[in-house]
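Note: the block below is structure.txt and it holds compact mmCIF, C-alpha atoms and all ligand atoms.
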```txt
# COMPACT_ATOMS: atom_id res chain seq x y z
CA VAL A 1 -6.34 -38.37 79.27
CA ILE A 2 -5.66 -42.12 79.63
CA ARG A 3 -2.15 -43.53 79.55
CA THR A 4 -1.86 -47.20 78.60
CA GLN A 5 0.91 -49.70 79.28
CA LEU A 6 0.91 -53.42 78.50
CA LYS A 7 3.54 -55.37 80.42
CA ALA A 8 3.62 -59.10 81.14
CA HIS A 9 -0.09 -59.52 80.21
CA VAL A 10 -1.09 -56.67 82.55
CA LEU A 11 -2.72 -53.65 80.92
CA THR A 12 -2.43 -50.56 83.10
CA LEU A 13 -4.82 -47.70 82.33
CA THR A 14 -3.72 -44.52 84.08
CA LEU A 15 -6.15 -41.63 84.47
CA ASN A 16 -4.00 -38.73 83.42
CA ARG A 17 -5.27 -35.32 84.51
CA PRO A 18 -2.99 -34.98 87.54
CA ASP A 19 -3.45 -31.20 87.98
CA LYS A 20 -7.10 -31.86 88.80
CA LEU A 21 -6.54 -35.06 90.78
CA ASN A 22 -7.73 -36.88 87.63
CA ALA A 23 -11.21 -35.39 87.84
CA ALA A 24 -13.30 -36.96 85.11
CA ASN A 25 -14.56 -35.25 81.99
CA ASP A 26 -16.48 -36.96 79.19
CA GLU A 27 -13.33 -37.59 77.16
CA LEU A 28 -11.67 -39.38 80.07
CA LEU A 29 -14.74 -41.52 80.82
CA LEU A 30 -15.45 -42.47 77.21
CA THR A 31 -11.78 -43.21 76.49
CA LEU A 32 -11.46 -45.36 79.61
CA THR A 33 -14.58 -47.31 78.67
CA ARG A 34 -13.31 -47.83 75.12
CA GLU A 35 -9.90 -49.00 76.35
CA LEU A 36 -11.60 -51.52 78.64
CA GLN A 37 -13.77 -52.83 75.82
CA GLN A 38 -10.70 -53.25 73.61
CA ALA A 39 -8.86 -55.02 76.45
CA ASP A 40 -11.69 -57.53 76.67
CA GLU A 41 -11.05 -58.52 73.04
CA ASP A 42 -7.25 -58.58 73.31
CA GLU A 43 -5.84 -62.01 74.18
CA ALA A 44 -2.53 -60.50 75.26
CA VAL A 45 -4.34 -58.80 78.15
CA ARG A 46 -5.08 -61.07 81.12
CA VAL A 47 -5.52 -58.46 83.87
CA VAL A 48 -6.47 -54.78 83.74
CA VAL A 49 -5.29 -52.22 86.28
CA ILE A 50 -6.94 -48.79 86.63
CA THR A 51 -4.88 -46.21 88.50
CA GLY A 52 -4.24 -42.47 88.62
CA ALA A 53 -1.31 -40.21 87.69
CA GLY A 54 0.12 -37.88 90.34
CA ARG A 55 -1.17 -37.61 93.90
CA GLY A 56 -4.83 -38.43 93.24
CA PHE A 57 -6.73 -41.48 92.02
CA CYS A 58 -9.84 -39.65 90.76
CA ALA A 59 -11.67 -36.65 92.25
CA GLY A 60 -14.95 -37.54 90.54
CA GLN A 61 -16.70 -35.37 88.01
CA ASP A 62 -14.67 -32.38 86.83
CA LEU A 63 -16.70 -29.60 88.39
CA GLY A 64 -15.22 -27.11 85.94
CA ASP A 65 -16.84 -29.04 83.14
CA VAL A 66 -20.49 -29.05 84.22
CA ALA A 67 -21.61 -25.45 83.71
CA GLY A 68 -23.47 -24.83 80.48
CA ARG A 69 -23.86 -28.52 79.74
CA ASP A 70 -26.58 -29.37 77.25
CA MET A 71 -27.23 -32.72 78.94
CA THR A 72 -29.38 -33.43 81.95
CA PHE A 73 -27.84 -35.25 84.91
CA THR A 74 -29.73 -38.37 83.88
CA GLU A 75 -28.46 -38.19 80.30
CA HIS A 76 -24.94 -37.50 81.53
CA LEU A 77 -24.90 -40.61 83.72
CA HIS A 78 -26.34 -42.79 80.95
CA HIS A 79 -23.80 -41.39 78.49
CA THR A 80 -20.58 -41.73 80.50
CA TYR A 81 -20.49 -43.12 84.06
CA ASN A 82 -23.02 -45.93 83.76
CA PRO A 83 -21.44 -47.57 80.68
CA LEU A 84 -18.05 -47.39 82.42
CA ILE A 85 -19.24 -49.17 85.56
CA ARG A 86 -21.20 -51.74 83.52
CA THR A 87 -18.14 -52.40 81.35
CA ILE A 88 -15.96 -53.08 84.41
CA ARG A 89 -18.55 -55.44 85.87
CA GLY A 90 -19.10 -57.24 82.59
CA LEU A 91 -15.43 -57.46 81.59
CA GLY A 92 -14.29 -61.07 81.22
CA LYS A 93 -11.00 -60.31 82.98
CA PRO A 94 -10.07 -59.20 86.48
CA VAL A 95 -10.06 -55.43 86.88
CA LEU A 96 -7.84 -54.13 89.68
CA THR A 97 -8.41 -50.62 90.95
CA ALA A 98 -5.04 -49.38 92.18
CA VAL A 99 -6.02 -46.43 94.35
CA ASN A 100 -2.85 -44.35 94.55
CA GLY A 101 -4.37 -41.26 96.19
CA VAL A 102 -7.68 -39.58 96.94
CA ALA A 103 -10.79 -41.19 95.44
CA ALA A 104 -13.79 -38.87 95.71
CA GLY A 105 -17.34 -38.85 94.37
CA ALA A 106 -17.60 -40.89 91.19
CA GLY A 107 -13.88 -41.56 91.70
CA ALA A 108 -14.77 -43.33 94.96
CA SER A 109 -17.40 -45.33 93.08
CA LEU A 110 -14.76 -46.25 90.49
CA ALA A 111 -12.37 -47.32 93.26
CA LEU A 112 -15.03 -49.69 94.61
CA ALA A 113 -15.93 -51.05 91.18
CA GLY A 114 -12.73 -53.09 90.78
CA ASP A 115 -12.83 -56.84 91.29
CA ILE A 116 -9.83 -56.41 93.58
CA ARG A 117 -8.98 -53.08 95.19
CA LEU A 118 -5.35 -52.27 96.03
CA TRP A 119 -4.60 -49.07 97.93
CA ALA A 120 -1.50 -47.05 98.63
CA GLN A 121 -0.97 -46.19 102.30
CA GLY A 122 -1.64 -42.52 101.52
CA ALA A 123 -4.85 -43.13 99.59
CA SER A 124 -8.24 -42.05 100.87
CA PHE A 125 -11.91 -42.33 100.00
CA ILE A 126 -14.68 -39.74 100.26
CA GLU A 127 -18.34 -40.11 99.36
CA VAL A 128 -18.09 -36.41 98.63
CA PHE A 129 -21.39 -36.04 96.74
CA SER A 130 -23.39 -34.62 99.65
CA ASN A 131 -20.91 -31.72 99.91
CA ILE A 132 -22.40 -30.47 96.65
CA ALA A 133 -25.89 -31.75 97.52
CA LEU A 134 -25.91 -34.60 95.03
CA ILE A 135 -26.53 -38.27 95.60
CA PRO A 136 -23.87 -40.98 95.26
CA ASP A 137 -23.79 -42.35 91.73
CA SER A 138 -21.72 -44.60 89.48
CA GLY A 139 -22.84 -47.61 91.47
CA SER A 140 -21.93 -46.43 94.98
CA THR A 141 -25.48 -46.91 96.29
CA TRP A 142 -25.21 -50.54 95.20
CA THR A 143 -21.62 -51.39 96.11
CA LEU A 144 -20.99 -49.53 99.37
CA PRO A 145 -23.87 -50.98 101.44
CA ARG A 146 -22.95 -54.46 100.21
CA ILE A 147 -19.50 -53.90 101.72
CA VAL A 148 -20.15 -51.94 104.91
CA GLY A 149 -23.92 -52.42 105.41
CA TYR A 150 -26.74 -49.93 104.98
CA HIS A 151 -26.13 -47.88 108.11
CA ARG A 152 -22.39 -47.28 107.73
CA ALA A 153 -22.93 -46.55 104.04
CA PHE A 154 -25.54 -43.93 104.86
CA GLU A 155 -23.27 -42.31 107.43
CA LEU A 156 -20.31 -42.17 105.00
CA MET A 157 -22.56 -40.68 102.34
CA ALA A 158 -24.30 -38.17 104.60
CA LEU A 159 -21.19 -36.81 106.35
CA ALA A 160 -18.70 -37.18 103.46
CA GLU A 161 -15.96 -38.05 105.92
CA ARG A 162 -12.58 -39.08 104.58
CA VAL A 163 -11.68 -42.76 105.08
CA ARG A 164 -7.93 -43.45 105.19
CA ALA A 165 -6.21 -46.64 104.09
CA ASP A 166 -6.00 -48.47 107.42
CA ASP A 167 -9.70 -47.93 108.10
CA ALA A 168 -10.56 -48.77 104.49
CA LEU A 169 -8.85 -52.13 104.93
CA LYS A 170 -10.79 -52.79 108.14
CA LEU A 171 -14.07 -51.77 106.51
CA GLY A 172 -13.42 -53.93 103.45
CA LEU A 173 -13.15 -51.07 100.93
CA CYS A 174 -9.89 -52.62 99.76
CA GLU A 175 -8.13 -55.97 99.87
CA HIS A 176 -4.53 -54.80 100.37
CA VAL A 177 -2.61 -51.68 101.32
CA PHE A 178 0.93 -51.20 99.99
CA PRO A 179 3.57 -48.57 100.90
CA ASP A 180 3.38 -45.37 98.82
CA GLU A 181 7.03 -45.63 97.75
CA THR A 182 6.69 -49.10 96.18
CA PHE A 183 3.01 -48.91 95.22
CA ALA A 184 3.32 -49.13 91.42
CA ASP A 185 5.77 -52.06 91.62
CA ASP A 186 3.69 -53.86 94.23
CA VAL A 187 0.56 -53.46 92.09
CA GLN A 188 2.36 -54.77 88.99
CA ALA A 189 3.72 -57.79 90.92
CA TYR A 190 0.26 -58.54 92.30
CA ALA A 191 -1.32 -58.19 88.86
CA GLU A 192 1.28 -60.50 87.29
CA ARG A 193 0.52 -63.13 89.94
CA LEU A 194 -3.14 -62.88 88.97
CA ALA A 195 -2.27 -62.96 85.25
CA ALA A 196 -0.65 -66.39 85.74
CA ARG A 197 -3.92 -67.83 87.04
CA PRO A 198 -6.29 -69.63 84.62
CA ALA A 199 -7.85 -66.76 82.66
CA HIS A 200 -10.85 -68.69 81.34
CA ALA A 201 -11.75 -70.06 84.77
CA LEU A 202 -11.44 -66.58 86.30
CA LYS A 203 -13.72 -65.17 83.60
CA LEU A 204 -16.38 -67.74 84.51
CA THR A 205 -15.80 -67.19 88.23
CA LYS A 206 -16.43 -63.47 87.78
CA GLN A 207 -19.52 -64.17 85.69
CA ALA A 208 -20.93 -66.50 88.35
CA LEU A 209 -20.11 -64.16 91.23
CA VAL A 210 -21.58 -61.12 89.51
CA ALA A 211 -24.78 -63.03 88.70
CA ALA A 212 -24.98 -64.35 92.26
CA GLN A 213 -24.96 -60.78 93.65
CA THR A 214 -28.57 -60.48 92.55
CA SER A 215 -29.75 -64.10 92.57
CA THR A 216 -31.20 -66.63 94.98
CA LEU A 217 -29.21 -69.64 96.22
CA ASP A 218 -31.21 -71.89 93.91
CA GLU A 219 -30.35 -69.72 90.94
CA ALA A 220 -26.69 -69.62 91.95
CA LEU A 221 -26.55 -73.42 92.24
CA ASP A 222 -28.06 -73.80 88.77
CA GLN A 223 -25.68 -71.22 87.35
CA GLU A 224 -22.68 -73.02 88.91
CA ALA A 225 -23.79 -76.30 87.35
CA ILE A 226 -23.89 -74.69 83.90
CA LEU A 227 -20.62 -72.76 84.16
CA GLN A 228 -18.73 -75.65 85.78
CA GLN A 229 -19.37 -77.63 82.61
CA VAL A 230 -17.92 -74.81 80.54
CA ALA A 231 -14.85 -74.69 82.81
CA GLY A 232 -14.44 -78.46 82.85
CA ASP A 233 -14.52 -78.67 79.05
CA HIS A 234 -11.65 -76.15 78.71
CA TRP A 235 -7.97 -77.06 78.28
CA GLU A 236 -7.09 -75.14 81.43
CA HIS A 237 -8.87 -77.75 83.53
CA LYS A 238 -6.98 -80.58 81.84
CA GLU A 239 -3.71 -78.74 82.39
CA GLY A 240 -4.50 -78.11 86.07
CA VAL A 241 -5.25 -81.76 86.74
CA GLU A 242 -2.23 -83.02 84.77
CA ALA A 243 0.06 -80.60 86.60
CA PHE A 244 -1.32 -81.71 89.96
CA ARG A 245 -0.73 -85.37 89.17
CA ALA A 246 2.76 -84.71 87.81
CA LYS A 247 3.55 -82.58 90.91
CA ARG A 248 4.58 -79.62 88.73
CA PRO A 249 3.24 -76.04 88.56
CA ALA A 250 0.36 -75.62 86.11
CA GLN A 251 1.11 -73.50 83.05
CA PHE A 252 -1.99 -71.49 82.27
CA ILE A 253 -0.38 -69.01 79.88
CA ARG A 254 -0.02 -70.23 76.30
CA GLU A 255 2.05 -67.76 74.30
C1 LIG B 301 -10.87 -30.51 90.88
C2 LIG B 301 -11.76 -31.48 91.35
C3 LIG B 301 -12.94 -31.73 90.63
C4 LIG B 301 -12.30 -30.08 89.14
C5 LIG B 301 -10.10 -31.38 92.69
N1 LIG B 301 -13.17 -31.00 89.54
N2 LIG B 301 -11.15 -29.81 89.78
C6 LIG B 301 -21.92 -37.15 88.06
C7 LIG B 301 -22.76 -36.65 87.08
C8 LIG B 301 -23.03 -35.29 86.90
C9 LIG B 301 -22.60 -34.27 87.55
C10 LIG B 301 -21.88 -34.25 88.73
O1 LIG B 301 -21.22 -35.30 89.27
C11 LIG B 301 -21.26 -36.59 89.06
C12 LIG B 301 -20.45 -37.43 89.94
C13 LIG B 301 -19.50 -36.81 90.88
O2 LIG B 301 -18.39 -37.27 90.93
S1 LIG B 301 -19.99 -35.56 91.91
C14 LIG B 301 -18.55 -35.25 92.91
C15 LIG B 301 -17.56 -34.35 92.23
N3 LIG B 301 -16.34 -34.26 92.97
C16 LIG B 301 -16.18 -33.47 94.04
O3 LIG B 301 -17.06 -32.79 94.49
C17 LIG B 301 -14.79 -33.45 94.64
C18 LIG B 301 -14.22 -32.06 94.68
N4 LIG B 301 -12.88 -32.09 95.21
C19 LIG B 301 -12.60 -32.14 96.53
O4 LIG B 301 -13.46 -32.19 97.37
C20 LIG B 301 -11.14 -32.12 96.89
O5 LIG B 301 -10.40 -31.64 95.81
C21 LIG B 301 -10.59 -33.48 97.31
C22 LIG B 301 -11.20 -33.90 98.67
C23 LIG B 301 -10.89 -34.57 96.27
C24 LIG B 301 -9.06 -33.42 97.47
O6 LIG B 301 -8.71 -32.35 98.31
P1 LIG B 301 -7.22 -31.81 98.36
O7 LIG B 301 -6.29 -32.93 98.49
O8 LIG B 301 -7.20 -30.72 99.41
O9 LIG B 301 -6.92 -31.18 96.93
P2 LIG B 301 -7.46 -29.79 96.29
O10 LIG B 301 -8.88 -29.57 96.67
O11 LIG B 301 -6.48 -28.72 96.60
O12 LIG B 301 -7.42 -30.14 94.72
C25 LIG B 301 -6.22 -30.02 93.93
C26 LIG B 301 -6.59 -29.41 92.60
O13 LIG B 301 -7.51 -30.29 91.93
C27 LIG B 301 -7.33 -28.09 92.78
O14 LIG B 301 -6.99 -27.26 91.70
P3 LIG B 301 -6.02 -25.99 91.92
O15 LIG B 301 -5.98 -25.34 90.57
O16 LIG B 301 -6.63 -25.15 92.99
O17 LIG B 301 -4.71 -26.60 92.34
C28 LIG B 301 -8.79 -28.50 92.66
O18 LIG B 301 -9.61 -27.45 92.24
C29 LIG B 301 -8.71 -29.58 91.62
N5 LIG B 301 -9.85 -30.49 91.73
N6 LIG B 301 -11.24 -32.02 92.47
N7 LIG B 301 -13.81 -32.67 91.00
```
Can you turn what I pasted into structure tokens?
Ligand code: LHQ
Amino acid sequence: VIRTQLKAHVLTLTLNRPDKLNAANDELLLTLTRELQQADEDEAVRVVVITGAGRGFCAGQDLGDVAGRDMTFTEHLHHTYNPLIRTIRGLGKPVLTAVNGVAAGAGASLALAGDIRLWAQGASFIEVFSNIALIPDSGSTWTLPRIVGYHRAFELMALAERVRADDALKLGLCEHVFPDETFADDVQAYAERLAARPAHALKLTKQALVAAQTSTLDEALDQEAILQQVAGDHWEHKEGVEAFRAKRPAQFIRE
């Protein structure tokens, strides 16, 4: 259900149920979460990419897999989707969501959950939940209004209208849009550029930014003062300064 590829310090995790637009079942969600946790421990991995096989990114919950379930909705979310989203947020490495096609329901939430969101020109986004009279989950109620504001978020959720790549870029649902034909290569090149950046400093940057999402300015200033010390004590900082003074590129990857 998840294909993995490690190339040039970039781990690509591909959701692999293309016949169903990579709709998620428990196995897919638990495997993806486990792969992410392992990536966090693996020094060879500096950037993680989540993408989809075939023409979809992820169509959300597999609706063929919900009938006869012995779990409540609440239990289901606690068991699968919530740990996944928390793992992405807490991961000490950049997670790129490479949205190759339609992202719907919890798949749309997953698309938003990346630290950086790269879309193919043909990709699209639907807060599809209200079509089946559910509420947005997997973090959408938290992420989407922080990106587009409360009112636009409510409209997208209530009408379940499809947002295409150009509008997604304008709305801030993604950082870059690449052509469909070269998407995988463009994502890999982007991820490799990120992988060459100072991994330890980026880990702390993510930690500080994530904490600041729910903190006051005073708390953020205090947090910066603590984490800056941790960054400044690391060899990466020494290397950055030495490289600057020697007028050479910094080398942040130590094989
Ligand atoms: C699918 C699915 C799918 C199964 C396409 N399941 N087969 C959390 C906790 C607990 C419970 C419930 O949910 C949640 C979170 C959620 O994510 S709720 C939202 C669940 N997702 C949806 O409601 C999306 C349903 N899918 C669609 O609306 C459309 O398929 C979209 C708009 C994503 C794409 O439309 P098209 O490009 O026209 O493709 P299609 O509809 O023809 O789909 C292609 C195939 O994929 C098709 O199978 P078939 O055998 O006919 O070729 C679909 O049945 C299958 N598929 N989504 N979620």
Q) What is the CA of Arg248 in chain A to CA of His9 in chain A distance in Å? A)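 The value is 22.3 Å.
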Q. So which residues touch Ile253 in chain A within 8 Å, counting only C-alpha atoms, skipping near sequence neighbours fewer than 2 positions away, as a PyMOL selection string?
A. chain A and resi 196+198+251+255
(Q) List as a PyMOL selection string the protein and nucleic acid residues near Ala208 in chain A, meaning an atom at most 9 Å away when all atoms listed in the file are counted, but skip any in the same chain fewer than 2 places from it. (A) chain A and resi 203-206+210-213+220+223-224+227
Q) Which residue out of A:Lys20, A:Lys170, A:Arg117, A:Arg146 has the minimum interatomic distance to ligand LIG 301 (chain B) when only C-alpha atoms and all ligand atoms are used? A)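 Ranking A:Lys20, A:Lys170, A:Arg117, A:Arg146 by distance to ligand LIG 301 (chain B), first place goes to A:Lys20.
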Using all atoms of ligand LIG 301 (chain B) listed in the file and a margin of 6 Å per side, can you give the axis-aligned box centre and edge lengths in Å to one decimal, as AutoDock Vina command-line options?
```
--center_x -13.9 --center_y -31.3 --center_z 93.2 --size_x 30.3 --size_y 24.3 --size_z 24.5
```
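Across the structure, CA of Thr97 in chain A and CA of Ala113 in chain A are spaced 7.5 Å apart.
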(Q) Applying 12 Å and only C-alpha atoms, which residues near Ala44 in chain A remain after dropping the ones on its own chain fewer than 6 positions away? List them as a list of chain:residue names. (A) A:Leu6, A:Lys7, A:Ala8, A:His9, A:Val10, A:Leu11, A:Gln38, A:Lys93, A:Ala195, A:Ala199, A:Ile253, A:Arg254, A:Glu255
Q) Separation of atom C28 of ligand LIG 301 (chain B) and CA of Ala59 in chain A, in Å? A) 8.7 Å
Q: Counting all atoms listed in the file, figure out which residue out of A:Leu32, A:Leu209, A:Leu173, A:Ile50 gets nearest to Thr143 in chain A.
A: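 Going through A:Leu32, A:Leu209, A:Leu173, A:Ile50 one by one, the smallest distance to Thr143 in chain A is for A:Leu173.
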Q: Go through A:Val1, A:Val66, A:Cys58, A:Ala201 and flag the residue nearest Pro94 in chain A, using all atoms listed in the file for the distances.
A: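 Checking each candidate against Pro94 in chain A, we get A:Ala201 as the closest.
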Q) Which is closest to ligand LIG 301 (chain B) among A:Thr72, A:Gln188, A:Thr182, A:Gln61, if we use only C-alpha atoms and all ligand atoms? A) A:Gln61
(Q) Just checking: using only C-alpha atoms and all ligand atoms, which residue out of A:Asp222, A:Glu127, A:Asp40, A:Asp115 ends up closest to ligand LIG 301 (chain B)? (A)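 Once distances to ligand LIG 301 (chain B) are computed over only C-alpha atoms and all ligand atoms, the minimum belongs to A:Glu127.
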Q | All residues 8 Å or closer to Leu30 in chain A, all atoms listed in the file, same chain fewer than 3 positions away omitted, as a ChimeraX atom specification | A | /A:26-27,33-34,80,84
Q) Of the candidates A:Leu144, A:Ile132, A:Leu13, A:Leu156, which shows the shortest atom-to-atom distance to ligand LIG 301 (chain B), using only C-alpha atoms and all ligand atoms? A)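 Selected residue with least distance to ligand LIG 301 (chain B): A:Ile132.
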Could you list, as an mmCIF file with C-alpha atoms, in the frame of the given file, every residue within 12 Å of Tyr190 in chain A, counting all atoms listed in the file and ignoring same-chain residues fewer than 6 positions away?
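What follows is the written file part-v6.cif:
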```cif
data_model
loop_
_atom_site.group_PDB
_atom_site.id
_atom_site.type_symbol
_atom_site.label_atom_id
_atom_site.label_comp_id
_atom_site.auth_asym_id
_atom_site.auth_seq_id
_atom_site.Cartn_x
_atom_site.Cartn_y
_atom_site.Cartn_z
ATOM 1 C CA ALA A 8 3.620 -59.100 81.140
ATOM 2 C CA VAL A 10 -1.090 -56.670 82.550
ATOM 3 C CA VAL A 47 -5.520 -58.460 83.870
ATOM 4 C CA VAL A 48 -6.470 -54.780 83.740
ATOM 5 C CA VAL A 49 -5.290 -52.220 86.280
ATOM 6 C CA PRO A 94 -10.070 -59.200 86.480
ATOM 7 C CA LEU A 96 -7.840 -54.130 89.680
ATOM 8 C CA THR A 97 -8.410 -50.620 90.950
ATOM 9 C CA ALA A 98 -5.040 -49.380 92.180
ATOM 10 C CA ILE A 116 -9.830 -56.410 93.580
ATOM 11 C CA ARG A 117 -8.980 -53.080 95.190
ATOM 12 C CA LEU A 118 -5.350 -52.270 96.030
ATOM 13 C CA GLU A 175 -8.130 -55.970 99.870
ATOM 14 C CA HIS A 176 -4.530 -54.800 100.370
ATOM 15 C CA VAL A 177 -2.610 -51.680 101.320
ATOM 16 C CA PHE A 178 0.930 -51.200 99.990
ATOM 17 C CA PHE A 183 3.010 -48.910 95.220
ATOM 18 C CA ALA A 184 3.320 -49.130 91.420
ATOM 19 C CA ALA A 196 -0.650 -66.390 85.740
ATOM 20 C CA ARG A 197 -3.920 -67.830 87.040
#
```
Save range 216-224 of chain A of the structure in the block above to a file, with all heavy atoms included, as a CSV table (one decimal), in the first residue's frame.
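The result, stored in selection31.csv:
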```csv
chain,number,residue,atom,x,y,z
A,216,THR,N,1.9,32.7,22.3
A,216,THR,CA,1.9,34.1,22.2
A,216,THR,C,3.3,34.6,21.7
A,216,THR,O,4.2,33.8,21.6
A,216,THR,CB,1.7,34.7,23.6
A,216,THR,OG1,2.9,34.3,24.4
A,216,THR,CG2,0.4,34.2,24.3
A,217,LEU,N,3.4,35.9,21.4
A,217,LEU,CA,4.7,36.4,21.0
A,217,LEU,C,5.8,36.3,22.1
A,217,LEU,O,6.9,35.9,21.8
A,217,LEU,CB,4.6,37.9,20.6
A,217,LEU,CG,5.9,38.6,20.3
A,217,LEU,CD1,6.6,38.0,19.1
A,217,LEU,CD2,5.7,40.1,20.0
A,218,ASP,N,5.4,36.5,23.3
A,218,ASP,CA,6.3,36.4,24.4
A,218,ASP,C,6.8,34.9,24.5
A,218,ASP,O,8.0,34.7,24.7
A,218,ASP,CB,5.6,36.7,25.7
A,218,ASP,CG,5.7,38.2,26.0
A,218,ASP,OD1,6.6,38.9,25.4
A,218,ASP,OD2,4.9,38.7,26.7
A,219,GLU,N,5.9,34.0,24.3
A,219,GLU,CA,6.3,32.6,24.4
A,219,GLU,C,7.3,32.2,23.2
A,219,GLU,O,8.2,31.5,23.4
A,219,GLU,CB,5.1,31.6,24.4
A,219,GLU,CG,4.4,31.7,25.7
A,219,GLU,CD,2.9,31.1,25.6
A,219,GLU,OE1,2.4,30.9,24.4
A,219,GLU,OE2,2.3,30.9,26.6
A,220,ALA,N,6.9,32.8,22.0
A,220,ALA,CA,7.8,32.5,20.8
A,220,ALA,C,9.2,33.1,21.0
A,220,ALA,O,10.2,32.5,20.7
A,220,ALA,CB,7.1,33.1,19.6
A,221,LEU,N,9.3,34.3,21.6
A,221,LEU,CA,10.6,34.9,21.8
A,221,LEU,C,11.4,34.1,22.8
A,221,LEU,O,12.6,33.8,22.5
A,221,LEU,CB,10.4,36.3,22.4
A,221,LEU,CG,9.8,37.3,21.3
A,221,LEU,CD1,9.5,38.6,22.1
A,221,LEU,CD2,10.8,37.6,20.2
A,222,ASP,N,10.8,33.6,23.8
A,222,ASP,CA,11.5,32.7,24.8
A,222,ASP,C,11.9,31.4,24.1
A,222,ASP,O,13.1,31.0,24.3
A,222,ASP,CB,10.6,32.4,26.0
A,222,ASP,CG,10.4,33.6,26.9
A,222,ASP,OD1,11.3,34.6,26.8
A,222,ASP,OD2,9.5,33.7,27.7
A,223,GLN,N,11.0,30.9,23.3
A,223,GLN,CA,11.4,29.6,22.7
A,223,GLN,C,12.5,29.8,21.7
A,223,GLN,O,13.4,29.0,21.6
A,223,GLN,CB,10.1,29.1,21.9
A,223,GLN,CG,10.2,27.8,21.2
A,223,GLN,CD,10.3,26.6,22.1
A,223,GLN,OE1,10.2,26.7,23.3
A,223,GLN,NE2,10.3,25.4,21.5
A,224,GLU,N,12.5,30.9,21.0
A,224,GLU,CA,13.6,31.2,20.0
A,224,GLU,C,15.0,31.3,20.8
A,224,GLU,O,16.0,30.8,20.3
A,224,GLU,CB,13.4,32.5,19.3
A,224,GLU,CG,12.3,32.4,18.2
A,224,GLU,CD,11.8,33.8,17.7
A,224,GLU,OE1,12.5,34.8,18.1
A,224,GLU,OE2,10.8,33.8,17.0
```
